[in-house]
Structures are given as C-alpha cells and as structure tokens.
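Down below is the structure, laid out as structure tokens.
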Amino acid sequence: MIAEPRSVGRDARAAVIATLAFVTAVALLPPGSYLALLFAWLLLAFAGALLGIGPTRLARRGLVALPFVVAAVPIVFLRSDELLWAGSVGPLTLQVSGAGLRIALTALIKAWISVQASMLLLAFASAPSIVTALRRMKLPEVIATSAGLTIRYLELLRDEARRMLRARTARSASPVGSGRERIGGSISWRARTTGNLVGSLFLRAYSRAQRIEEAAASRGATGSLSIGTMPTADPRLTIKVIGVFALVLALTLFGALLPRL
Amino acid sequence: MYPQLHIPDGFLSPQLSLLLWVATAVLVGIAVRKSGRADVKLLASQPILMGVLGAFIFAAQMFNFPVATGTSGHLLGGVLAGYLLGPWAGTIVMATVIGIQALLFQDGGLLALGANAFNMGIIGTLGGSFVARGIGTALGGSRSASILGAGAAAWLAVVAAAGFTTLQLGLSGTTNVAIGLPAMLGVHALIGIGEALITVAALTFIAQTAPDILAGVAAPSKASPVRRLVTGVAIAGGVATLASLFASTDPDGLEAVAVQLGFLNAGEVSPFELFPGYTIPGLDGGASTAVAGVLGIIVVIGVLFALGRLARSRAQS
C-alpha cells in the first residue's frame, strides 16, 4: 500500500472512468431487472478472470456491503402493494409486499456488484496510480497531495493504533473475557482512556508531519508533493473510453429490453 | 468497526446520488479555496499536515471503548478534525478519508460517495465545526468552553449524519422513514455520546500535553455578552429546527415529494420486452418458462466454469 515510485507506471484513467460508468449504469437499472444484473455481473466476472480473480472468489469478497440491507428491511413489510403474504405472527400482523421485496433485493444485488467493481479497480491499478489518475482528471492539488500522503501513512498510523490498543487491552480498559467484571472503570473513565489514546496518537501524527515537512524542505520541495512521477499518458485513452461507454449503453439497453420480475 | 453510516451503491436513487455528488463537489471546492488562506496555520505546509492527519483519523477510528456488553463507543472524528485543522481544511480531510474508504476498503459505494461525504464531511465536519465554535463562543470563549462546544457538536454531528442518511434512503424509496428515522436517531444518540466523550477527552489531552500546538488553533474570540446571547439564540434556533425536521417524520409527505420528483417509480416501465415473462416464443406457458430457465442456468454455469479456468491461467502467468 505504500507508494513505490515505479508502481505509478500505469495511466489508470481509463480504469477509473470504466468503474464509475459501470457503477452508474448498474445504479440506473430499474428494480427487478435481475437478468440485466446477471449480465452486468458476468461482465465483471470476465474482467476479474482477466485479472486472475476467479468468479467464486470475486463473489465471496463482494459480500462485505450486505449488512446494510437492514436499512431496506422495513419497506418489505410496510409497503402495501402486490401483497405476497399477509398474516399474523404472534401478536403482530405482518404483510410481505412484492414491490418492497423487489426493491430490497435489487438494492442488495446492486450493492454486491458495485463493491466487486471497485475491488477490481484496485486489483488492476495501485492506490497511488488511482490518485495520480484522479489528479490528471483535475482533482484539486491540495486534495490529491493530502490523499496521496494519507494512503502512504495509513498503514504506519494504523499499526501505531493497533499497538496502543493492545497495550490498553493488557491494562484492561477493554473487555477481554466474556464477563462484565473484566471491563475496567466507569463509562466516562473508559471514554477518557480512549480519548487520551486518540490525543497521543494525534501528537505522534503531528510530529511525524513535522519531520516529513523538514525532510521535504531539505530536499527542495516547494509546496505540492507529487506522489511518484506522472506516468506517460495512455495513448489509447479516447478509444478505451468510447468502448466503455458502448458497453455501459448496452447494459442500460439490456435493462430496458430484458424481462423483469 | 465504526457505525455503519457508509451507504453502499444500490440503495440511493441515481438522481439523488448525482445531486449530492454535485453539492459535495461545490462545497469541497469552496473549502479548497478557503483552506488556501487558512485561519489555522499549524505547519507551514498545509497539505502535508492534512495528509498525515487524514491517516490519523483513519487510525483513530479503530479506537473503540465498551459502553455495555455488545455495544461500544466509536470515533468518527469529523468535529475533532475540524477543531484541529479548522472547519474548511477539516472538511477536505474528512471528505478525502471517506473517498479513500470507498476506493480502498469498499466501505461505502463510489456513486454513493457524494452522499457519504455530504453527510459526514459537509454536515458532520463543516456544520459540526461551526456549531462547535458557536457553542464555544456562547459559553464564554475560553479554551475549555471551546472543547465543551466541540463535544456537544460531535454528538450533534453523529446524530445529524444518521438522520440525513435515513432521509436520503427514504427519498430513494429504499427505507421507510417512519420506522427507520426513530431507530437510526435512537441508536446514534447513544453512539454520539461515545463520540462526544472521546472528542472532549482527546482535545483536553492535547491542550494539557502540548498547549503550544493548540495555540495556533484559533480559540474562539472573547465575545461581548450581546454577541454571546445572539449566537446562543441562533444555535438554539438551529437545533430546534433540526429537531422539528426529525420529529415531523410524515412518511406520506415525504413519499409524496418523492413521487412528485419522480424518484419512486423512475424507470419502472419498460417500453418493450425481448422475452416477455421469461418465455421463449413458440413454446407455450409453463413448459416454455421452464425450458428458458434451465437453458439459462446451464449457459451461466458454463460461462462461470470457463471464467474460473481463465482466472487460474491468468494468475499463473
């Protein structure tokens, strides 16, 4: 994850545009267009196979977004159109709406597919090369520089945080066992302990930033830090983008033409 | 690890997603211009500090503490970032962090990134920071008053982000606001207490350990009693408006708006169909549907098998 200058050797603009266009096209598919969604997923699986990621692995890794479906559960029971089932469970009177079920299921599948699309982008292009591509696409310099540095120092500070957490666990401000007696102190004491950790992590990050600035200044940096050198521009960018939009248009057409359930 | 506020793609309508993308882009653009002539100068080079503090916010989100068995307090860090870097630079940092979470960790969708950055970056950080300053000024403008203000704003920011998330899902027709809003607000009113306590403790720690760093942070100016009163009334009014917005969760009203704006049934009608009702022309009724289904499944399994082999050969080469 740490930027190596040579890992920025690839112009990732076409891949970034393709991912955004694909995700947008998937979002535009109307509820219940399961066949078009299947087609979209097969497209992704094909891209994944080209990158050496098999369909099973891709499908499994797409599951991370699924817990969010809890947000869509109420409409399954609260919409009153296309009733599939109505009855009482204990003291509750429940009804299952076909329209609600369709919306929830479509959202679920779309989330699952979109997650896999951004995973494939990351499998294709390194994080720094994505930032470089975004910068070429006129992302403001301040954001590009700070995003690049965030990515570069992410693992370092997360590792620092992990070590601090382990030290705190050893001193029992967090529960280790299952029993409540293992939790130390009152809630406000535990919150203060955590806040102190956050505060001291900030001080470490701050002194890290100071050192980076001194190092950069001593090497003659004058403001924006480029993260690696800019790769040579992709000569076939235009043709690739046209291809991407043709595919996306086909997907949208399929959404309109294929039968929906 | 932190509250599930990151909306994945698929749950928001495309229209609303694009609208919030535009809104976020405009406000972050303003932030970029404002942060250039920053009121806060901690280090000579603003981008370096912003970048490293972005990584710090990421890492700080790993810190949780047990509230009760099974529930823990978390940090989102929006108001904290806004306090340390100033509202505008803090907003850029939070928006960048949320973007990296979507790109690198698949936490939140790419199309929904506009909405997520709006809820946590614009509402949570920009709005939260101004509320924090306002409360700090109203409480007298000392350092501890401003930290207390940050704590209150941190709570409000978490609750407001949760509320906006639910309203956006409601407008997209993927949740029921009447059920979802009280549930989300209730849960996040608790989570927000964790956020507020951690924010106050962290800022107190920094103020005690390294007062010279915070000396660069603009402490709220010593305000005249009249200004304090005016700020206090303005904030109370704002909070009351927000509360009444949350309280009037009339789902019919909201759905009516959604239907009027064309969100709910957008694109549900198809102009014509290729295989009407999953049947093959020429065969009739149930038999046709079954044949079409079986053929389809066989083709899909064949394609997946071929893709698996392709992946293996590509991974080896």
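By convention in this document, the chains of the structure tokens carry letters A, B, ... by their order, each chain's residues are numbered from 1, and ligands are numbered from 1 in the order they are shown.
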Residues of chain A were defined as contacting chain B if any atom lay at most 7 Å from it, counting only C-alpha atoms; please report them as a PyMOL selection string. chain A and resi 23-24+27-28+30-31+46+49-55+65+71-72+74-75+103-104+107-108+110-111+114-115+118+122+142-143+145-147+149-150+153-154+157-158+161+174+187+190-192+194-196+198-199+202+205+209+213+223+256-259
Using DSSP assignments from the backbone, pull out every residue in range 105-253 of chain A that falls under helix (DSSP H, G or I) and give it to me as a PyMOL selection string. chain A and resi 105-124+127-136+141-170+180-182+187-218+237-253
Please dump the current selection as a compact mmCIF listing (two decimals), in the first residue's frame; keep C-alpha atoms.
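The resulting file, again.txt, is shown below:
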# COMPACT_ATOMS: atom_id res chain seq x y z
CA LEU A 105 -33.45 -7.46 -3.37
CA THR A 106 -32.42 -5.19 -6.28
CA ALA A 107 -30.59 -2.83 -3.92
CA LEU A 108 -28.83 -5.79 -2.33
CA ILE A 109 -27.64 -7.19 -5.68
CA LYS A 110 -26.57 -3.73 -6.90
CA ALA A 111 -24.53 -3.16 -3.75
CA TRP A 112 -22.93 -6.59 -4.12
CA ILE A 113 -21.99 -5.94 -7.77
CA SER A 114 -20.73 -2.38 -7.19
CA VAL A 115 -18.42 -3.49 -4.37
CA GLN A 116 -16.85 -6.04 -6.71
CA ALA A 117 -16.37 -3.37 -9.37
CA SER A 118 -14.33 -1.16 -7.05
CA MET A 119 -12.38 -4.22 -5.86
CA LEU A 120 -11.43 -4.96 -9.45
CA LEU A 121 -10.31 -1.35 -9.95
CA LEU A 122 -7.95 -1.78 -7.01
CA ALA A 123 -6.76 -5.15 -8.35
CA PHE A 124 -5.99 -3.50 -11.69
CA ALA A 127 -3.89 3.09 -4.94
CA PRO A 128 -1.23 5.72 -5.80
CA SER A 129 -1.86 5.30 -9.52
CA ILE A 130 -5.59 5.87 -8.92
CA VAL A 131 -4.77 9.11 -7.09
CA THR A 132 -2.48 10.12 -9.97
CA ALA A 133 -5.26 9.36 -12.44
CA LEU A 134 -7.73 11.48 -10.45
CA ARG A 135 -5.20 14.29 -10.34
CA ARG A 136 -4.90 14.14 -14.14
CA GLU A 141 -3.87 19.72 -5.95
CA VAL A 142 -4.48 20.05 -2.17
CA ILE A 143 -6.79 17.03 -2.17
CA ALA A 144 -4.52 14.96 -4.42
CA THR A 145 -1.47 15.64 -2.27
CA SER A 146 -3.19 15.01 1.03
CA ALA A 147 -4.93 11.88 -0.30
CA GLY A 148 -1.61 10.53 -1.54
CA LEU A 149 0.02 11.18 1.85
CA THR A 150 -2.95 9.69 3.71
CA ILE A 151 -2.58 6.49 1.70
CA ARG A 152 1.16 6.47 2.23
CA TYR A 153 0.99 6.88 6.02
CA LEU A 154 -2.20 4.90 6.58
CA GLU A 155 -0.61 1.58 7.48
CA LEU A 156 2.03 3.24 9.64
CA LEU A 157 -0.50 5.02 11.84
CA ARG A 158 -2.91 2.08 11.90
CA ASP A 159 -0.07 -0.07 13.13
CA GLU A 160 0.68 2.51 15.80
CA ALA A 161 -3.01 2.47 16.80
CA ARG A 162 -3.03 -1.32 16.95
CA ARG A 163 -0.07 -1.34 19.31
CA MET A 164 -1.72 1.28 21.54
CA LEU A 165 -4.92 -0.78 21.61
CA ARG A 166 -3.00 -3.90 22.56
CA ALA A 167 -1.34 -2.02 25.39
CA ARG A 168 -4.72 -0.76 26.58
CA THR A 169 -6.20 -4.27 26.44
CA ALA A 170 -3.30 -5.52 28.54
CA ARG A 180 -18.57 -7.84 32.70
CA GLU A 181 -16.17 -7.82 35.63
CA ARG A 182 -13.27 -7.65 33.21
CA ILE A 187 -18.08 4.57 31.16
CA SER A 188 -16.66 8.08 31.45
CA TRP A 189 -13.34 6.69 32.68
CA ARG A 190 -13.18 4.31 29.72
CA ALA A 191 -14.08 7.14 27.34
CA ARG A 192 -11.35 9.30 28.85
CA THR A 193 -8.82 6.50 28.45
CA THR A 194 -9.80 6.15 24.79
CA GLY A 195 -9.69 9.91 24.29
CA ASN A 196 -6.18 10.02 25.75
CA LEU A 197 -5.13 7.38 23.22
CA VAL A 198 -6.61 9.47 20.41
CA GLY A 199 -4.86 12.56 21.74
CA SER A 200 -1.46 10.92 21.97
CA LEU A 201 -1.89 9.37 18.53
CA PHE A 202 -2.56 12.90 17.25
CA LEU A 203 0.65 14.17 18.83
CA ARG A 204 2.61 11.34 17.21
CA ALA A 205 0.98 12.06 13.83
CA TYR A 206 1.73 15.75 14.26
CA SER A 207 5.42 15.21 14.94
CA ARG A 208 5.51 12.79 12.00
CA ALA A 209 4.08 15.55 9.78
CA GLN A 210 6.73 17.96 11.11
CA ARG A 211 9.50 15.53 10.22
CA ILE A 212 8.05 14.96 6.74
CA GLU A 213 7.92 18.70 6.18
CA GLU A 214 11.52 19.17 7.27
CA ALA A 215 12.66 16.30 5.08
CA ALA A 216 10.73 17.63 2.10
CA ALA A 217 12.02 21.17 2.62
CA SER A 218 15.62 19.97 2.94
CA LEU A 237 -7.46 6.62 -23.74
CA THR A 238 -10.09 8.05 -26.09
CA ILE A 239 -10.78 4.75 -27.81
CA LYS A 240 -10.96 2.95 -24.45
CA VAL A 241 -13.43 5.47 -23.05
CA ILE A 242 -15.60 5.11 -26.18
CA GLY A 243 -15.53 1.33 -25.69
CA VAL A 244 -16.51 1.72 -22.03
CA PHE A 245 -19.48 3.91 -22.90
CA ALA A 246 -20.60 1.48 -25.61
CA LEU A 247 -20.61 -1.33 -23.02
CA VAL A 248 -22.44 0.79 -20.48
CA LEU A 249 -25.02 1.80 -23.07
CA ALA A 250 -25.53 -1.88 -23.93
CA LEU A 251 -26.07 -2.62 -20.24
CA THR A 252 -28.65 0.16 -19.96
CA LEU A 253 -30.42 -1.11 -23.09
Would you work out the distance separating CA of Ala59 in chain A from CA of Val16 in chain A, expressed in Å to one decimal? 20.9 Å
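Picture a line from CA of Thr165 in chain B to CA of Gly90 in chain B; it runs 20.6 Å.
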Name all residues at most 7 Å from range 119-133 of chain B (count only C-alpha atoms; drop same-chain ones fewer than 4 positions away) and give them as a list in words. Gly78, Val79, Gly82, Tyr83, Pro87, Trp88, Gly90, Thr91, Met94, Ala95, Ala115, Thr137, Ser146, Gly149, Ala150, Ala153, Ala154, Ala157, Val158, Ala161, Phe164, Thr165 and Pro220 of chain B
Report the residues of range 72-159 of chain A whose backbone DSSP state falls under strand (DSSP E or B), written as a VMD selection string. chain A and resid 83 to 89 92 to 97
